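J.: First the structure, then my questions, so here it is.
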Amino acid sequence: MDKIARIDMGAAGGPKVTVGPVGEYAGLGGRALTSLLIAKEVHPLCHALGAENKLVIAPGMLSGTTGSMTGRLSVGCKSPLTGTIKESNAGGQAAQVLARLGYAAVVLEGKPEGDDLYKIFINKDGIQVIVDNSLKLLDNYPVIEKLRGEYGDKVAYMSIGTAGERKLLAASIACTDPELRPTRHCGRGGVGAVMGAKRVKAIILDDAGMKMRPPVDPDKYRDANRKFVEGLRKHPVTGEGLPAYGTNVLTNVLNEAGGYPAYNFKGGQFPGSEKLSGEAQAQLEIDRGGTATHGCHRGCVIQCSGIYNDKDGHYLTKQPEYETVWSHGGHCGIDDLDTVAMLDFMDDNIGVDTIEMGVAIGVAMDAGIIEFGDREGAIRLMKEVQQGTPLGRVLGSGAAVTGKVFGVERVPVVKDQALPAYDPRAIQGIGVTYATTTQGADHTAGYAIATNILKVGGDVDPLKTEGQIELSRNLQIATAAIDSTGMCLFIAFAIMDQPETFQALLDMLGSFHGITMTGDDVVALGKKVLSAERDFNTRAGFTRHHDRLPRFFYNEPIAPHNQTFMMKDEELDEVFNW
Amino acid sequence: MKLEVALFAGLKCGNPELPCHGEREFSLEVPDGTTVRELRALLAIAPAIPLLTIVNNHHEQEEWVLKENDRVGIFPPIGGG
Ligand code: SF4
C-alpha cells in the first residue's frame with residue numbers, strides 16, 4: 001500500500017489517472033487516511049456534489065494481510081447530507097482486494113461534463129476508466145449481475161444504485177460480499193451521491209496475480225493474530241452472541257431497557273419487539289434454509305451476519321442489522337420481519353442507507369403520508385424512491401429534508417443525519433456521542449451502549465449524566481483509531497474486556513510495520529484523526545451550537561423512564577477537551 | 001411474591017422441579033426478599049455465564065433485592081451495533 005491513485009474525472013479530454021507515491025499519508029489507512037486527506041485537500045466550504053469535493057476510498061492499515069477481521073473499507077468525503085467531513089465504513093471484499101493491489105487509497109476528483117456514466121477497472125496492470133452507459137439507472141443487484149457477465153466472480157465490486165445516480169442524500173456505496181451480493185454498504189452521509197456526482201457507477205477490483213501484503217515480522221504477526229482470534233472466540237459477545245443471533249439480538253435488550261425508540265421517538269418500548277427480535281430472526285433464517293451466521297468478508301471470525309430467505313426458501317437479502325430492523329420496524333410501528341427484510345433488500349438494491357431511509361419513512365408517517373404500521377405503504381414509499389418520483393426524492397434525501405418538506409417538528413437528526421436505534425433520553429451516553437461526533441448522529445462513532453446497557457468495558461448508569469462525557473470521549477478516540485486499522489469495530493467488545501486481546505491487536509499493528517505499538521500510540525492516532533475532522537468541520541462553519549440534540553429530546557420525557565436528555569451544553573463542549 | 005420473568009438469547013429455565021422448566025417467559029412465585037442471584041440459582045442458569053439482568057427497565061446487580069410484580073429480563077452477554 002505504497003501508492004495513491006488519483007482519478008480526475010473532470011480532466012480535459014476525459015478522466016485522467018495519476019498514480020503516485022503515498023507521500024505524506026504513508027503509514028495511514030482507513031479513516032485516518034480519508035479524514036486527513038479530506039481535511040488537507042478539500043475546501044471545507046465546497047459544494048459536496050461539486051468538482052472540488054473528493055471521494056477517498058481507503059482500505060485499513062492491516063487490510064489485505066492474513067490478519068483476521070481486517071477487511072473494513074473507509075470512504076471519505078465532505079458529506080452532502082451533513083456538510084461535515086464524512087467517513088463511511090463497510091465490510092465486503094473491496095478493502096482486502098484494493099489493499100493487495102497496493103493502493104493506500106483511490107481518490108476520485110473533479111467532475112465530468114455531460115451525461116456519460118463510467119466504470120473503473122483496477123487490476124495488477126493498472127487502472128482503466130471506461131464509459132459504460134448501459135449501466136444507467138440500474139440498481140445494485142442488476143448492476144452486479146451485468147458486470148459479473150463481463151468481469152467474472154473472482155473480483156470485488158463497488159457500485160451505486162439509482163439513488164446514487166440521482167444524487168439523493170441518503171445514497172450509499174455498495175460493496176459485494178464473498179458471494180458477490182451488493183449487501184455491504186458505506187451507508188451513512190450520502191457518499192453514494194458524491195460517487196454519482198462524479199458519474200462513477202461501479203469500481204471493479206481484481207487482485208489476480210497479487211499476493212497477501214507481507215508483515216515486516218511474519219512470525220510475530222502470525223502469533224499475534226492467533227492470540228487475537230483466540231480472544232475473539234473466547235469472549236462471549238464475539239464468540240457466541242454475535243455469531244448466533246447477529247446484531248439484532250439487541251432488539252430485546254434495548255426494549256427491555258426502555259431505550260428502543262418506537263413510533264418516531266414517541267416511546268421507549270415497542271409492543272411488537274418480540275416479533276422483530278434477533279432470536280426470532282435467527283430461527284426464521286434457519287427454518288427457511290438460510291443461515292444465521294455469515295461473514296461479510298473472508299477472514300471474519302465473528303461472522304455476525306446471516307442470509308435471510310423468503311417464505312419459499314429463496315434468497316431475499318442478507319440478515320438485516322439491528323439498526324435496520326429498528327428503522328424499518330419499531331420506528332415505523334411495523335412488527336413484521338418479512339416486511340423489514342424486503343425493505344432491507346430494496347435499500348441495498350436502490351443504494352440507500354437503511355438507517356436514514358427508515359427514519360425518513362417514520363418521519364413521513366408522523367406527517368400522515370401513511371399510517372404507522374402500514375407495511376404495504378412503506379414498501380410503496382420505497383418504490384417511489386426507486387422510481388425517482390418527487391416524493392421518492394424527498395424521502396431519499398433523508399429524515400431532515402423529509403421533516404422540513406412535510407412540516408414535522410419531531411425530526412430525530414443531528415447535523416441533518418438521522419439518529420440510530422437508541423434513545424438518548426434513556427441512554428444518556430449515546431446522546432453525548434450523537435451530539436458531538438464529527439459525523440452527524442452516529443452510534444458507531446462512540447458506542448456508549450456497550451457500557452451503558454451491555455455492561456461491556458465497565459458499567460455506567462444510562463439514566464445518569466455522571467461519567468458519560470469521559471465515556472463518549474474515550475470511545476470516540478478508540479473508534480477513530482480502530483476505523484483506521486481496517487478492523488471491524490465489533491472487535492471492541494473483546495478488547496475492552498480482555499487486556500491480552502488488546503495487546504494482541506497492538507502486536508499485530510506493531511509486527512506488521514516492524515515497530516512497537518502501545519496503547520498510547522493508539523490513543524494518539526485516534527486524537528489525530530478526530531482533531532483533523534473537527535478542524536475541517538470548524539472551517540466548514542460548524543460550532544459548538546451544532547453539537548446538540550434536537551430540542552424535543554430536552555423537552556419531551558419518554559416512557560418508561562419519563563426522562564429527558566439531561567446533559568448540559570457546557571458538558572458536551574468538554575468532549576474534545578483532552 | 002410473584003415475578004414476571006423473561007429469558008432471552010437462548011436462555012431457558014433449567015430447573016426440572018419448576019413448572020416453568022424449559023420455558024423462557026413466565027410468572028413465578030418466589031420467597032419475599034429473593035435477590036437476582038437467588039433467582040438465577042432457582043432457574044438453574046449455568047453459573048459460568050455472566051448475565052445481564054434488567055429489572056423494571058433498569059440493569060441491576062446480583063445482590064439486588066426483587067419486589068412483588070417486578071419484571072425481570074435476563075440476558076447472556078450480547079452485543080451488536
Ligand atoms: S463481525 Fe460482522 S460486520 Fe464485522 S466483519 Fe464480521 S460479518 Fe462483517
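Residue numbers start at 1 in each chain; chains themselves are named A, B, ... in the order of the C-alpha cells; ligands are numbered from 1 in the order shown.
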Identify every residue of chain B that has at least one atom within 8 Å of any atom of chain A, counting only C-alpha atoms, and report the result as a list in words.

T.: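 Close enough to count are Phe8, Ala9, Gly10, Leu52, Ile54, Asn56, Asn57, His58, His59, Gly73, Phe75, Pro76, Pro77, Ile78, Gly79, Gly80 and Gly81 of chain B.
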
J.: With only C-alpha atoms and all ligand atoms counted, collect every polymer residue having an atom within 7 Å of ligand 1; state the result as a ChimeraX atom specification.

T.: /A:69,71-72,91,294-297,300-305,488-490

J.: Compile the contact shell of Lys12 of chain B as a ChimeraX atom specification: residues with an atom at most 10 Å away, counting only C-alpha atoms, same-chain residues fewer than 5 positions apart removed.

T.: /B:6-7,20-25,43-45,74

J.: What's around Leu395 of chain A at 9 Å? Count only C-alpha atoms, leave out sequence neighbours fewer than 3 positions away in its own chain, and write the answer as a list in words.

T.: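 The filter keeps Leu168, Ala170, Met357, Ala360, Ile361, Ala364, Leu381, Met382, Glu384, Val385, Pro390, Leu391, Gly392, Gly398, Ala399, Val401 and Thr402 of chain A.
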
J.: Using only C-alpha atoms, pick whichever of B:Leu66, B:Glu60, B:Leu39, B:Val72 has the shortest atom-to-atom distance to Asn15 of chain B.

T.: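 Ranked by minimum distance to Asn15 of chain B, first place goes to B:Leu39.
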
J.: Just want the 8 Å neighbourhood of Glu29 of chain B, counted on only C-alpha atoms, with same-chain residues fewer than 2 positions away dropped. Output as a ChimeraX atom specification.

T.: /B:1-3,27,31

J.: Just write the chosen residues, N, CA, C and O atoms, as an mmCIF file, in the first residue's frame.

T.:
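Listed below is the output, selection-v2.cif:
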```
data_model
loop_
_atom_site.group_PDB
_atom_site.id
_atom_site.type_symbol
_atom_site.label_atom_id
_atom_site.label_comp_id
_atom_site.auth_asym_id
_atom_site.auth_seq_id
_atom_site.Cartn_x
_atom_site.Cartn_y
_atom_site.Cartn_z
ATOM 1 N N MET B 1 -43.891 -13.979 46.758
ATOM 2 C CA MET B 1 -44.281 -12.900 45.845
ATOM 3 C C MET B 1 -44.156 -13.373 44.395
ATOM 4 O O MET B 1 -43.449 -14.341 44.109
ATOM 5 N N LYS B 2 -44.856 -12.649 43.517
ATOM 6 C CA LYS B 2 -44.885 -13.081 42.114
ATOM 7 C C LYS B 2 -43.963 -12.197 41.262
ATOM 8 O O LYS B 2 -43.924 -10.977 41.434
ATOM 9 N N LEU B 3 -43.228 -12.842 40.363
ATOM 10 C CA LEU B 3 -42.364 -12.102 39.433
ATOM 11 C C LEU B 3 -42.767 -12.431 38.001
ATOM 12 O O LEU B 3 -43.252 -13.527 37.725
ATOM 13 N N SER B 27 -44.586 -16.378 34.694
ATOM 14 C CA SER B 27 -44.721 -15.805 36.036
ATOM 15 C C SER B 27 -44.190 -16.840 37.018
ATOM 16 O O SER B 27 -44.328 -18.041 36.780
ATOM 17 N N PRO B 31 -39.876 -16.629 47.206
ATOM 18 C CA PRO B 31 -39.952 -16.079 48.568
ATOM 19 C C PRO B 31 -39.673 -14.569 48.568
ATOM 20 O O PRO B 31 -38.879 -14.094 47.746
#
```

J.: Could you find all residues in segment 364-423 of chain A that DSSP calls strand (DSSP E or B) from the backbone, and write them as a VMD selection string?

T.: chain A and resid 413 to 414 417 to 418

J.: Save out the residues we just selected, N, CA, C and O atoms, as a CSV table (one decimal), in the first residue's frame.

T.:
```csv
chain,number,residue,atom,x,y,z
A,413,VAL,N,-32.6,14.1,14.2
A,413,VAL,CA,-31.3,14.2,13.4
A,413,VAL,C,-30.3,15.1,14.2
A,413,VAL,O,-30.7,15.9,15.0
A,414,VAL,N,-29.1,14.8,14.0
A,414,VAL,CA,-28.0,15.8,14.4
A,414,VAL,C,-27.2,16.1,13.2
A,414,VAL,O,-26.8,15.2,12.5
A,417,GLN,N,-28.2,14.3,10.1
A,417,GLN,CA,-28.1,12.9,9.9
A,417,GLN,C,-29.0,12.2,10.9
A,417,GLN,O,-29.0,12.5,12.1
A,418,ALA,N,-29.7,11.2,10.5
A,418,ALA,CA,-30.7,10.5,11.3
A,418,ALA,C,-30.1,9.8,12.5
A,418,ALA,O,-29.0,9.1,12.4
```

J.: Extract, using only C-alpha atoms, all DNA, RNA and protein residues at most 8 Å from Val106 of chain A, discarding same-chain residues fewer than 3 positions from it, and format them as a PyMOL selection string.

T.: chain A and resi 4-7+56-58+103

J.: Any chance you could export the current selection's all heavy atoms as a compact mmCIF listing (two decimals), in the first residue's frame?

T.:
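Below is the file selection-v8.txt, written as the result:
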```txt
# COMPACT_ATOMS: atom_id res chain seq x y z
N ILE A 4 -0.93 5.97 -4.14
CA ILE A 4 -2.28 6.52 -4.17
C ILE A 4 -2.65 6.78 -5.62
O ILE A 4 -1.86 7.35 -6.38
CB ILE A 4 -2.37 7.84 -3.37
CG1 ILE A 4 -2.20 7.56 -1.87
CG2 ILE A 4 -3.68 8.56 -3.63
CD1 ILE A 4 -2.42 8.75 -0.97
N ALA A 5 -3.83 6.32 -6.01
CA ALA A 5 -4.31 6.60 -7.37
C ALA A 5 -5.27 7.77 -7.30
O ALA A 5 -6.20 7.77 -6.48
CB ALA A 5 -5.01 5.37 -7.93
N ARG A 6 -5.03 8.74 -8.13
CA ARG A 6 -5.96 9.88 -8.22
C ARG A 6 -6.58 9.85 -9.61
O ARG A 6 -5.87 9.78 -10.61
CB ARG A 6 -5.23 11.20 -7.98
CG ARG A 6 -4.75 11.32 -6.54
CD ARG A 6 -3.90 12.57 -6.35
NE ARG A 6 -3.35 12.61 -5.00
CZ ARG A 6 -3.94 13.20 -3.96
NH1 ARG A 6 -5.10 13.82 -4.12
NH2 ARG A 6 -3.39 13.19 -2.77
N ILE A 7 -7.89 9.88 -9.63
CA ILE A 7 -8.59 9.84 -10.91
C ILE A 7 -9.35 11.15 -11.06
O ILE A 7 -10.32 11.40 -10.32
CB ILE A 7 -9.55 8.64 -10.98
CG1 ILE A 7 -8.77 7.34 -10.67
CG2 ILE A 7 -10.22 8.57 -12.35
CD1 ILE A 7 -9.62 6.09 -10.61
N VAL A 56 -12.60 9.65 -1.28
CA VAL A 56 -11.40 8.87 -0.97
C VAL A 56 -11.81 7.47 -0.54
O VAL A 56 -12.61 7.31 0.38
CB VAL A 56 -10.58 9.53 0.16
CG1 VAL A 56 -9.26 8.82 0.34
CG2 VAL A 56 -10.37 11.00 -0.12
N ILE A 57 -11.27 6.48 -1.19
CA ILE A 57 -11.59 5.08 -0.88
C ILE A 57 -10.31 4.44 -0.34
O ILE A 57 -9.31 4.34 -1.06
CB ILE A 57 -12.06 4.34 -2.15
CG1 ILE A 57 -13.28 5.07 -2.74
CG2 ILE A 57 -12.39 2.88 -1.84
CD1 ILE A 57 -13.63 4.64 -4.15
N ALA A 58 -10.35 4.03 0.93
CA ALA A 58 -9.10 3.58 1.56
C ALA A 58 -9.30 2.31 2.36
O ALA A 58 -10.13 2.25 3.27
CB ALA A 58 -8.55 4.68 2.48
N TYR A 103 -2.84 -0.27 -3.24
CA TYR A 103 -3.30 1.11 -3.12
C TYR A 103 -3.65 1.46 -1.68
O TYR A 103 -4.51 0.82 -1.06
CB TYR A 103 -4.53 1.35 -4.02
CG TYR A 103 -4.20 1.24 -5.49
CD1 TYR A 103 -4.47 0.07 -6.19
CD2 TYR A 103 -3.58 2.29 -6.16
CE1 TYR A 103 -4.15 -0.04 -7.53
CE2 TYR A 103 -3.25 2.18 -7.50
CZ TYR A 103 -3.54 1.02 -8.18
OH TYR A 103 -3.21 0.90 -9.50
```

J.: Could you write out, as a PyMOL selection string, all the residues of segment 260-341 of chain A that DSSP marks as alpha helix (DSSP H)?

T.: chain A and resi 273-276+278-287+322-328+337-341

J.: Pick out the residues sitting within 6 Å of segment 76-85 of chain A, and hand them over as a list in words; count only C-alpha atoms, and ignore anything fewer than 6 positions along from it in its own chain.

T.: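 Those residues are Thr34, Ala48, Lys54, Leu55, Val56, Leu169, Gly189, Gly190, Lys415, Asp416 and Asn537 of chain A.
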
J.: Report, in Å to a single decimal, how far apart atom CA of Leu509 of chain A and atom CA of Phe228 of chain A are.

T.: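 For atom CA of Phe228 of chain A relative to atom CA of Leu509 of chain A, the distance reads 11.5 Å.
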